[in-house]
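Accompanying notes for the structure given below.
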2 protein chains.
Amino acid sequence: MTYQNETPHDPVQPTVRDRHAVMHGEIRQRICLLEYPPGMRLSEAALAEEFGTSRTPIRRVLARLEDEGLVQSHHGVGTIVTDSDIAELAQVYRLRIELTELVGRLDPEPPNEKFMLRFDSLVQRSAKVIATGTPHDFTRFDMEVFQVLLELTSNIPLRQTMERLYFQTKRIWLKTAIEAQLDLDEEVRIFHQELEAIQLALRSGDLNAAAHIQRAHISMSFQRLQQQNI
Amino acid sequence: MTYQNETPHDPVQPTVRDRHAVMHGEIRQRICLLEYPPGMRLSEAALAEEFGTSRTPIRRVLARLEDEGLVQSHHGVGTIVTDSDIAELAQVYRLRIELTELVGRLDPEPPNEKFMLRFDSLVQRSAKVIATGTPHDFTRFDMEVFQVLLELTSNIPLRQTMERLYFQTKRIWLKTAIEAQLDLDEEVRIFHQELEAIQLALRSGDLNAAAHIQRAHISMSFQRLQQQNI
DNA sequence: TCTTGATATGTTGTACACAATACAGAATTT
DNA sequence: AAATTCTGTATTGTGTACAACATATCAAGA
């Protein structure tokens, strides 16, 4: 996952790794945003045409998504976006909760000034999402915040694991929340409060506190979902 | 990763998933046992011939191994078994240590009688490994014990994550241990003691204690490696 | 009407030919 | 002699044809 020969002044043409990363990220985002909802059948041929390539590189991407648990290919049938019941979801959530705490404890990366500025702008933007956001916008924003907060640890395998688990749960959360008619506006408001609390912790330089706040909110968020779902 | 249509009395011929799993497991084991040491170049054509298939399914396997961080493909060069410096290894170890504790805490699966019998036989076998074992045998045995102890949690994502991390570290540990002329006999003896301690904890029904013992030994094992390596 | 079988169609899986790339070593030039 | 260019060779990446497979549709028969 490391890139060499990166010469910013002379933009090299995208290598095979770049193309793969772009397609993987794009399709993963579509799955996460429910543009490709659980149960939907993806067509290798259609994706190949859209991305201007043949089936082979697309199959490479879908294979990775299958290893990540987001799709499942069946010979003669198609490649189907996976679904999860509440039990599976609960397992991933329990693990995410524990790992989130580790971000503040394992190889913590104290935020520099640039990071704080970036985070401040995120907190401000969360107010806008409250005002005008759709579920789609909310999820996109949530993804962005997640990626930024992940920078608080320099432990690479921890980052990779958390990213993996995040994408396994977020889309199912969104789908279930919509089905259960969870009050998304309320969720956004709580998210805004969470960001403010994390901001405070980060300004105090207390990474552990920031991680624990995040941990608590992940836990509560899942609890709300379960209660509503009864 | 779930299989249906499994009819034990009528052995269905291996499906595409089975073939993939077999090849992946086999190559992964060879990498872990240093049969394919870091830096070695794997040939898609040769592997294809050995497994009696074409390059395409082999490439599917190597792609997964690349996502798991065990190999890295370079266009025009080859597929190289990856290496790790002590810093990378330390990151994975720190994460493994934390996750090991979770096995006893997250969705613990109390061992039944059958499990205990299986574990008892492992403890007995560890004595034999002390007597006649080669580094190769030791590692194979270690892998087996690891897989068995992983059954103590029913949390699937936790299992998958731990397995992934295990295979990232074990081979590097073995290689470094050999290079640093670590006393492998002593390591085996300590491992035997660890198994006896875990056995005691499991008989008391204390999964948490068993996990903490394992955690402690992973930590100490890495410490011994670092001290020797100076 | 229901069941059963055949068939047509669409999908993923596999094999293979070829393109793109990297690198070593010879050939050439300075 | 040193540097440089050229060229041969081996490897992974891509495109494509076809095989393997699952399923819906339809027809025939009980």
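Letters for chains follow the order of the structure tokens (A, B, ...), residue numbers begin at 1 for each chain, and ligand numbers begin at 1 in the order shown.
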Kindly provide the residues of chain C that approach chain A to within 7 Å, each paired with its closest atom pair and their distance in Å to one decimal, based on only C-alpha atoms (C1' of nucleotides), listed by chain and increasing number, as CSV.
```
residue,atom,partner,partner_atom,distance
C:DT11,C1',A:Gly76,CA,4.5
C:DT12,C1',A:His75,CA,4.5
C:DG13,C1',A:His75,CA,6.9
```
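Residue-level contacts from chain D to chain B at 9 Å, counting only C-alpha atoms (C1' of nucleotides), read DA10, DT11, DT12 and DG13 of chain D.
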Could those selected residues go to a file with C-alpha atoms (C1' of nucleotides), as a CSV table (one decimal), in the first residue's frame?
```
chain,number,residue,atom,x,y,z
D,10,DA,C1',11.0,-12.8,-18.0
D,11,DT,C1',7.1,-11.3,-15.3
D,12,DT,C1',2.6,-9.3,-14.1
D,13,DG,C1',-1.7,-6.8,-16.0
```
Study note, to complete from the structure: A straight line from CA of Leu158 in chain A to CA of Thr176 in chain B spans 22.9 Å
Point to revise | chain A contacts on chain B, only C-alpha atoms, 7 Å, as a PyMOL selection string | key: chain B and resi 64+91-92+95+155+157-158
With N, CA and C atoms retained, export the selected residues as a PDB file, in the first residue's frame.
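Result file is part.pdb:
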```pdb
ATOM      1  N   ARG B  64      -5.540 -11.955  -2.770  1.00  0.00           N
ATOM      2  CA  ARG B  64      -5.981 -11.982  -1.382  1.00  0.00           C
ATOM      3  C   ARG B  64      -4.797 -11.912  -0.434  1.00  0.00           C
ATOM      4  N   GLN B  91       4.092  -2.912  16.034  1.00  0.00           N
ATOM      5  CA  GLN B  91       2.717  -2.412  15.929  1.00  0.00           C
ATOM      6  C   GLN B  91       1.716  -3.555  15.921  1.00  0.00           C
ATOM      7  N   VAL B  92       2.003  -4.556  15.100  1.00  0.00           N
ATOM      8  CA  VAL B  92       1.071  -5.678  15.018  1.00  0.00           C
ATOM      9  C   VAL B  92       1.016  -6.404  16.356  1.00  0.00           C
ATOM     10  N   LEU B  95      -1.156  -4.674  18.905  1.00  0.00           N
ATOM     11  CA  LEU B  95      -2.576  -4.879  18.629  1.00  0.00           C
ATOM     12  C   LEU B  95      -3.001  -6.292  18.988  1.00  0.00           C
ATOM     13  N   ASN B 155     -17.104 -14.614  18.407  1.00  0.00           N
ATOM     14  CA  ASN B 155     -17.140 -13.355  17.668  1.00  0.00           C
ATOM     15  C   ASN B 155     -16.350 -13.506  16.367  1.00  0.00           C
ATOM     16  N   PRO B 157     -15.836 -11.600  13.517  1.00  0.00           N
ATOM     17  CA  PRO B 157     -14.852 -10.602  13.074  1.00  0.00           C
ATOM     18  C   PRO B 157     -13.605 -10.580  13.940  1.00  0.00           C
ATOM     19  N   LEU B 158     -13.755 -10.838  15.224  1.00  0.00           N
ATOM     20  CA  LEU B 158     -12.571 -10.902  16.090  1.00  0.00           C
ATOM     21  C   LEU B 158     -11.674 -12.063  15.672  1.00  0.00           C
TER      22      LEU B 158
END
```
Exercise for review: List every residue of range 26-168 of chain B that DSSP, applied to the backbone of this structure, places in helix (DSSP H, G or I), and write the result as a PyMOL selection string.
Suggested key: chain B and resi 26-32+44-50+55-67+86-103+113-132+135-152+156-168
Revision key, fill the gap. Of B:Phe222, B:Phe119, B:Trp173, B:Tyr36, the one nearest to Leu149 in chain B when counting only C-alpha atoms is B:Phe119
Review point. Which residues, written as a VMD selection string, have at least one atom at most 12 Å from Asn112 in chain A, with only C-alpha atoms (C1' of nucleotides) counted and residues fewer than 3 positions away on the same chain left out?
Key: chain A and resid 109 115 to 119 151 to 152 202 to 203 205
**Study point:** Residues near DA8 in chain C, cut-off 10 Å, only C-alpha atoms (C1' of nucleotides), skip fewer than 5 positions along chain, as a ChimeraX atom specification
**Key:** /D:24-26
Take the residues that were just selected and, keeping N, CA and C atoms (P, O5', C5', C4', C3', O3' and C1' of nucleotides), output them as a PDB file, in the first residue's frame.
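Saved as result-v4.pdb:
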```pdb
ATOM      1  P    DA D  24     -35.687 -17.688 -10.741  1.00  0.00           P
ATOM      2  O5'  DA D  24     -36.531 -17.081 -11.960  1.00  0.00           O
ATOM      3  C5'  DA D  24     -35.939 -16.101 -12.783  1.00  0.00           C
ATOM      4  C4'  DA D  24     -36.380 -16.293 -14.225  1.00  0.00           C
ATOM      5  C3'  DA D  24     -37.888 -16.484 -14.398  1.00  0.00           C
ATOM      6  O3'  DA D  24     -38.347 -15.670 -15.459  1.00  0.00           O
ATOM      7  C1'  DA D  24     -36.724 -18.288 -15.410  1.00  0.00           C
ATOM      8  P    DT D  25     -39.911 -15.467 -15.725  1.00  0.00           P
ATOM      9  O5'  DT D  25     -40.144 -16.308 -17.044  1.00  0.00           O
ATOM     10  C5'  DT D  25     -39.197 -16.226 -18.100  1.00  0.00           C
ATOM     11  C4'  DT D  25     -39.494 -17.277 -19.149  1.00  0.00           C
ATOM     12  C3'  DT D  25     -40.991 -17.554 -19.354  1.00  0.00           C
ATOM     13  O3'  DT D  25     -41.306 -17.397 -20.729  1.00  0.00           O
ATOM     14  C1'  DT D  25     -39.787 -19.573 -19.097  1.00  0.00           C
ATOM     15  P    DC D  26     -42.845 -17.338 -21.178  1.00  0.00           P
ATOM     16  O5'  DC D  26     -42.975 -18.737 -21.934  1.00  0.00           O
ATOM     17  C5'  DC D  26     -41.894 -19.197 -22.740  1.00  0.00           C
ATOM     18  C4'  DC D  26     -42.045 -20.679 -23.016  1.00  0.00           C
ATOM     19  C3'  DC D  26     -43.485 -21.142 -23.260  1.00  0.00           C
ATOM     20  O3'  DC D  26     -43.532 -21.932 -24.440  1.00  0.00           O
ATOM     21  C1'  DC D  26     -42.462 -22.508 -21.640  1.00  0.00           C
TER      22       DC D  26
END
```
Check your understanding: Separation of CA of Arg30 in chain A and CA of Ala180 in chain A, in Å?
Key -> 21.5 Å
Check your understanding: Got a sec: who's within 9 Å of Lys175 in chain A, counting only C-alpha atoms (C1' of nucleotides), leaving out chain neighbours fewer than 6 positions off, as a PyMOL selection string?
Key -> chain A and resi 34+37-38
From a DSSP pass on the backbone, collect the residues of chain A flagged as strand (DSSP E) and hand them back as an mmCIF file with C-alpha atoms, in the first residue's frame.
```
data_model
loop_
_atom_site.group_PDB
_atom_site.id
_atom_site.type_symbol
_atom_site.label_atom_id
_atom_site.label_comp_id
_atom_site.auth_asym_id
_atom_site.auth_seq_id
_atom_site.Cartn_x
_atom_site.Cartn_y
_atom_site.Cartn_z
ATOM 1 C CA ARG A 41 -26.912 -7.680 -7.908
ATOM 2 C CA LEU A 42 -23.851 -6.001 -9.371
ATOM 3 C CA VAL A 71 -20.378 -8.589 -1.536
ATOM 4 C CA GLN A 72 -20.598 -12.261 -2.347
ATOM 5 C CA SER A 73 -20.178 -13.817 -5.764
ATOM 6 C CA HIS A 74 -22.149 -16.876 -6.799
ATOM 7 C CA GLY A 78 -24.210 -12.826 -9.838
ATOM 8 C CA THR A 79 -22.366 -10.701 -7.324
ATOM 9 C CA ILE A 80 -24.749 -9.742 -4.536
ATOM 10 C CA VAL A 81 -24.325 -7.012 -1.944
#
```
Review point. Excluding same-chain residues fewer than 2 positions from Gln181 in chain B, what lies within 12 Å of it counting only C-alpha atoms (C1' of nucleotides), as a PyMOL selection string?
Key: chain B and resi 135+173-179+183-187+224-225+227-230
